[in-house]
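Asker: Structure in structure tokens, see below.
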Amino acid sequence: MFLGYYVINRNKSEAIRMKYSKYSTIIIGSGIAGLYAALKIEQQANLPDGILLITKSKLGESNSRYAQGGMVGVLKENKKDSVSSHVSDTIKAGAGLSEFNTVKFISEHSDRVIKDLLNFGVEFDRDENGNLTFTLEAAHSVNRVLHSGGDATGKMIEQSLCHTILNNHNIDIYEQTVAVDLLVNSKNECKGVLIFNDVTKEYETIYSPVVILATGGIGQLYKYTTNPIGATGDGLALAYNAGAVLQDMEFVQFHPTALAIDGDENRFLISEAVRGEGAKLVDADGTEFMHKYDDRLELAPRDIVTRANYNEMREHHSDCVYLNATCINTDKLKERFPNISKKCMENGIDMSHDFIPVAPAAHYFMGGVKTNIEGETSVKGLFAIGEVSSTGLHGGNRLASNSLLECVVCAYEVADFLKDEELHAPKQIDAEIKATIDKYSEEIESDEIDVKDLKKELQEIMWKYTGILRDEKSLMTGLEKLNDLQEKFPRKYCCLNREEYEFRNMLIVAKLITTCALQRKESRGAHYRTDYLQTNEESVHSCISGKEGELCFVK
Ligand code: FAD
Ligand code: SIN
């Protein structure tokens with residue numbers, strides 16, 4: 001709800017106007033977590049000032065849109081499955097860092113949330129009798145992954161949620177709008193957000209008692225990634241600057257099988273579900289190798305398969321290994337994996353006859369803003385859900401298809417938490433918030449910076465020094481290089497466009513990941529230190545916040 005304009009004096013001769021508005025709830029991000037939270041909050045909460053959904057690109061453009069394999073559903077009708085089995089698989093993959101109560105809660109509530117999604121018009125694939133079909137993915141002991149459109153699960157869910165949102169007139173939407181700072185007062189309460197419209201280049205201050213970060217992951221910090229260009233870790237940088245506690249920032253998941261086509265750095269994913277249906281990893285001669293690494297072969301946890309592929313590539317001085325899906329029935333390949341088959345065909349690869357060149361790529365971030373199951377962070381009024389959060393579900397290594405489940409269960413819970421709250425926008429702001437707003441009205445000295453090359457440099461540094469294998473020397477070098485890179489980017493707060501803001505955030509997050517990786521002197525899950533191969537007996541979370549500055553480890 002629009003309220004008015006601030007007039008800010010830049011200097012004696014110039015004054016600028018900044019719009020300000022209020023809402024009962026602001027959601028930043030239009031992936032599955034943000035979209036579903038908006039719908040659930042609208043359905044349940046008392047919203048005198050309405051809901052605002054902000055997204056930095058077009059509605060629905062997100063990591064969620066590209067999800068392939070599916071969403072875990074521990075459903076009552078799947079007689080082979082049980083909460084205890086899903087909990088046990090998740091905890092095993094999590095390498096000692098998953099929180100039992102969180103895992104159990106999310107697993108137990110999957111049935112309720114999936115039934116609710118069906119009511120919102122989301123479709124999952126069914127067999128000829130109309131029953132939901134479940135597939136298998138790595139490290140799951142039974143078939144429990146629901147999918148949609150074959151291998152287009154994310155897109156199908158995202159499209160139906162977007163459709164419902166666009167028909168809901170109580171949710172305002174700002175597209176191409178970047179959240180650039182959180183408004184936190186001296187009592188550690190978040191009272192709103194400062195946003196930047198990348199089209200008009202105008203700022204706006206939005207006040208709200210509830211700000212929900214649903215800003216997704218960090219894949220774009222790495223040279224090779226399955227993530228689309230928006231995955232630049234913005235929410236993590238915002239939360240860190242606001243003094244919120246971030247957890248387990250060293251845990252980056254690399255997917256073992258991204259399509260490795262020369263020169264293509266944003267890589268198309270070849271879903272784990274293809275291995276779930278029987279595909280094998282082979283070297284250039286067609287020899288299978290997973291038996292050398294794990295008894296579970298191709299369906300070992302993701303970190304193990306990734307390191308196996310990486311190791312084979314290094315031993316053979318090759319840019320890829322291969323996925324042999326020729327053992328899967330041709331009709332089944334087309335029906336289960338229509339998009340993967342199409343993408344391969346566009347690149348001259350017929351999955352039913354040819355090996356698919358694959359290599360690891362940054363895929364998912366297990367670290368994040370530390371939250372409880374309702375999304376509450378250490379800053380009052382600031383919530384985080386989906387990939388930007390760290391609830392304790394995934395631990396050191398996420399089990400396939402648990403992410404979409406976490407997005408929807410936590411979105412549901414945040415809405416439930418807010419349903420009895422008084423959601424009135426704050427009436428007053430204090431000096432701390434005013435100081436934050438003022439930082440964005442300062443004059444910017446240089447012209448627009450072309451961050452393309454700087455971004456490439458950062459991605460190379462992270463891939464090379466804070467990548468799949470790390471050690472003290474590589475991490476120290478990485479940190480030094482990131483500090484050098486910072487020197488080339490003279491912006492701390494105010495930037496001139498979306499790309500500059502993203503790069504500002506990427507630098508902050510890259511340094512946090514590298515710093516935390518340096519401090520964790522053990523190998524656990526996806527964090528693999530070649531100089532500390534052991535896994536310590538005691539599993540502890542790493543925690544860091546912009547307020548305390550120091551990294552600490554807690555049980
Ligand atoms: P996202 O879907 O990433 O959405 C983030 C949103 O925030 C975007 O709309 C973005 O524009 C917006 N945003 C970010 N920063 C700002 C800002 N500063 N201002 C305004 N807006 C901002 N998981 C599974 O469980 N199953 C799968 O099968 C699966 N397959 C995957 C396949 C691929 C190729 C990828 C990349 C991921 C896959 N994952 C899968 C992971 C899963 O898709 C993501 O973890 C999940 O979708 C994250 O959802 P989210 O809503 O938290 O964030
Ligand atoms: C995949 O389909 O392999 C990705 C699944 C996931 O990341 O959960």
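Every chain in the structure tokens takes a letter, A first, then B, and so on in the order presented; its residues are numbered from 1, and the ligands are numbered from 1 following the presented order.
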Go through the chains and note each residue within 6 Å of ligand 1, using only C-alpha atoms and all ligand atoms, then give the set as a PyMOL selection string.

Answerer: chain A and resi 28-34+54-57+60-64+66-71+177-180+214-217+226-227+230+234-235+269+363+386-388+401-404+407

Asker: Using only C-alpha atoms and all ligand atoms, can you tell me which of A:Ala37, A:Val305, A:Met249, A:Val103 comes closest to ligand 2?

Answerer: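 The answer is A:Val305, which sits nearest to ligand 2.
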
Asker: Please indicate the distance in Å from atom CA of A:Ser542 to atom CA of A:Tyr465, rounded to one decimal place.

Answerer: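 Atom CA of A:Tyr465 lies at a distance of 19.8 Å from atom CA of A:Ser542.
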
Asker: DSSP says helix (DSSP H, G or I) for which residues of stretch 14-218 of chain A? Put them as a PyMOL selection string?

Answerer: chain A and resi 32-44+64-66+83-93+100-108+110-119+153-166

Asker: Would you mind listing what lies within 8 Å of stretch 520-529 of chain A as a PyMOL selection string, with only C-alpha atoms counted and same-chain residues fewer than 4 positions away left out?

Answerer: chain A and resi 93-95+250-254+303+396-397+468-471+516+533-536+542

Asker: Can those selected residues be exported to a file as a PDB file, in the first residue's frame so that it contains N, CA, C and O atoms?

Answerer:
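Okay, this is what ended up in selection39.pdb:
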```pdb
ATOM      1  N   ALA A  93      22.243 -39.786   4.750  1.00  0.00           N
ATOM      2  CA  ALA A  93      22.875 -38.941   3.721  1.00  0.00           C
ATOM      3  C   ALA A  93      23.429 -37.665   4.337  1.00  0.00           C
ATOM      4  O   ALA A  93      24.441 -37.136   3.893  1.00  0.00           O
ATOM      5  N   GLY A  94      22.796 -37.166   5.392  1.00  0.00           N
ATOM      6  CA  GLY A  94      23.167 -35.873   5.998  1.00  0.00           C
ATOM      7  C   GLY A  94      24.477 -35.862   6.755  1.00  0.00           C
ATOM      8  O   GLY A  94      24.880 -34.827   7.290  1.00  0.00           O
ATOM      9  N   ALA A  95      25.131 -37.008   6.861  1.00  0.00           N
ATOM     10  CA  ALA A  95      26.483 -37.111   7.418  1.00  0.00           C
ATOM     11  C   ALA A  95      26.591 -36.525   8.838  1.00  0.00           C
ATOM     12  O   ALA A  95      27.549 -35.829   9.164  1.00  0.00           O
ATOM     13  N   GLU A 250      29.744 -23.874   4.622  1.00  0.00           N
ATOM     14  CA  GLU A 250      30.749 -24.589   3.817  1.00  0.00           C
ATOM     15  C   GLU A 250      30.146 -25.731   3.003  1.00  0.00           C
ATOM     16  O   GLU A 250      30.845 -26.356   2.206  1.00  0.00           O
ATOM     17  N   PHE A 251      28.848 -26.011   3.185  1.00  0.00           N
ATOM     18  CA  PHE A 251      28.272 -27.200   2.551  1.00  0.00           C
ATOM     19  C   PHE A 251      27.566 -26.881   1.225  1.00  0.00           C
ATOM     20  O   PHE A 251      26.400 -26.482   1.206  1.00  0.00           O
ATOM     21  N   VAL A 252      28.316 -27.067   0.159  1.00  0.00           N
ATOM     22  CA  VAL A 252      27.786 -26.845  -1.204  1.00  0.00           C
ATOM     23  C   VAL A 252      27.625 -28.219  -1.851  1.00  0.00           C
ATOM     24  O   VAL A 252      28.562 -29.022  -1.837  1.00  0.00           O
ATOM     25  N   GLN A 253      26.450 -28.469  -2.397  1.00  0.00           N
ATOM     26  CA  GLN A 253      26.262 -29.771  -3.059  1.00  0.00           C
ATOM     27  C   GLN A 253      26.565 -29.672  -4.552  1.00  0.00           C
ATOM     28  O   GLN A 253      26.026 -28.799  -5.242  1.00  0.00           O
ATOM     29  N   PHE A 254      27.428 -30.570  -5.003  1.00  0.00           N
ATOM     30  CA  PHE A 254      27.732 -30.663  -6.441  1.00  0.00           C
ATOM     31  C   PHE A 254      26.986 -31.880  -6.978  1.00  0.00           C
ATOM     32  O   PHE A 254      27.098 -32.968  -6.424  1.00  0.00           O
ATOM     33  N   ASP A 303      27.204 -36.850  -2.783  1.00  0.00           N
ATOM     34  CA  ASP A 303      28.588 -36.407  -2.597  1.00  0.00           C
ATOM     35  C   ASP A 303      29.568 -37.500  -3.024  1.00  0.00           C
ATOM     36  O   ASP A 303      30.610 -37.225  -3.619  1.00  0.00           O
ATOM     37  N   GLY A 396      24.855 -32.347   6.070  1.00  0.00           N
ATOM     38  CA  GLY A 396      26.031 -32.083   5.234  1.00  0.00           C
ATOM     39  C   GLY A 396      25.856 -32.502   3.799  1.00  0.00           C
ATOM     40  O   GLY A 396      26.771 -32.335   2.978  1.00  0.00           O
ATOM     41  N   ASN A 397      24.726 -33.076   3.461  1.00  0.00           N
ATOM     42  CA  ASN A 397      24.546 -33.595   2.113  1.00  0.00           C
ATOM     43  C   ASN A 397      23.071 -33.881   1.879  1.00  0.00           C
ATOM     44  O   ASN A 397      22.507 -34.753   2.526  1.00  0.00           O
ATOM     45  N   ILE A 468      34.975 -29.017  -5.146  1.00  0.00           N
ATOM     46  CA  ILE A 468      34.599 -30.369  -4.707  1.00  0.00           C
ATOM     47  C   ILE A 468      35.608 -30.909  -3.698  1.00  0.00           C
ATOM     48  O   ILE A 468      35.259 -31.532  -2.708  1.00  0.00           O
ATOM     49  N   LEU A 469      36.907 -30.676  -3.973  1.00  0.00           N
ATOM     50  CA  LEU A 469      37.962 -31.038  -3.031  1.00  0.00           C
ATOM     51  C   LEU A 469      38.615 -29.749  -2.558  1.00  0.00           C
ATOM     52  O   LEU A 469      38.883 -28.858  -3.362  1.00  0.00           O
ATOM     53  N   ARG A 470      38.877 -29.639  -1.259  1.00  0.00           N
ATOM     54  CA  ARG A 470      39.487 -28.415  -0.712  1.00  0.00           C
ATOM     55  C   ARG A 470      40.621 -28.781   0.227  1.00  0.00           C
ATOM     56  O   ARG A 470      40.614 -29.853   0.820  1.00  0.00           O
ATOM     57  N   ASP A 471      41.536 -27.865   0.413  1.00  0.00           N
ATOM     58  CA  ASP A 471      42.506 -27.994   1.510  1.00  0.00           C
ATOM     59  C   ASP A 471      42.901 -26.594   1.961  1.00  0.00           C
ATOM     60  O   ASP A 471      42.482 -25.595   1.352  1.00  0.00           O
ATOM     61  N   CYS A 516      34.239 -20.337   6.076  1.00  0.00           N
ATOM     62  CA  CYS A 516      33.705 -21.453   6.867  1.00  0.00           C
ATOM     63  C   CYS A 516      34.371 -22.773   6.466  1.00  0.00           C
ATOM     64  O   CYS A 516      34.640 -23.623   7.320  1.00  0.00           O
ATOM     65  N   LEU A 533      41.053 -35.729   6.149  1.00  0.00           N
ATOM     66  CA  LEU A 533      40.121 -36.711   5.563  1.00  0.00           C
ATOM     67  C   LEU A 533      39.154 -37.301   6.591  1.00  0.00           C
ATOM     68  O   LEU A 533      38.108 -37.837   6.241  1.00  0.00           O
ATOM     69  N   GLN A 534      39.508 -37.184   7.866  1.00  0.00           N
ATOM     70  CA  GLN A 534      38.687 -37.813   8.910  1.00  0.00           C
ATOM     71  C   GLN A 534      37.366 -37.061   9.122  1.00  0.00           C
ATOM     72  O   GLN A 534      37.278 -35.869   8.856  1.00  0.00           O
ATOM     73  N   THR A 535      36.371 -37.810   9.609  1.00  0.00           N
ATOM     74  CA  THR A 535      35.125 -37.159  10.063  1.00  0.00           C
ATOM     75  C   THR A 535      35.174 -37.163  11.580  1.00  0.00           C
ATOM     76  O   THR A 535      35.298 -38.231  12.196  1.00  0.00           O
ATOM     77  N   ASN A 536      35.105 -35.994  12.182  1.00  0.00           N
ATOM     78  CA  ASN A 536      35.198 -35.929  13.638  1.00  0.00           C
ATOM     79  C   ASN A 536      34.039 -36.666  14.294  1.00  0.00           C
ATOM     80  O   ASN A 536      32.942 -36.729  13.742  1.00  0.00           O
ATOM     81  N   SER A 542      28.466 -25.066  11.960  1.00  0.00           N
ATOM     82  CA  SER A 542      29.201 -23.800  12.008  1.00  0.00           C
ATOM     83  C   SER A 542      28.176 -22.667  11.916  1.00  0.00           C
ATOM     84  O   SER A 542      27.187 -22.776  11.194  1.00  0.00           O
TER      85      SER A 542
END
```
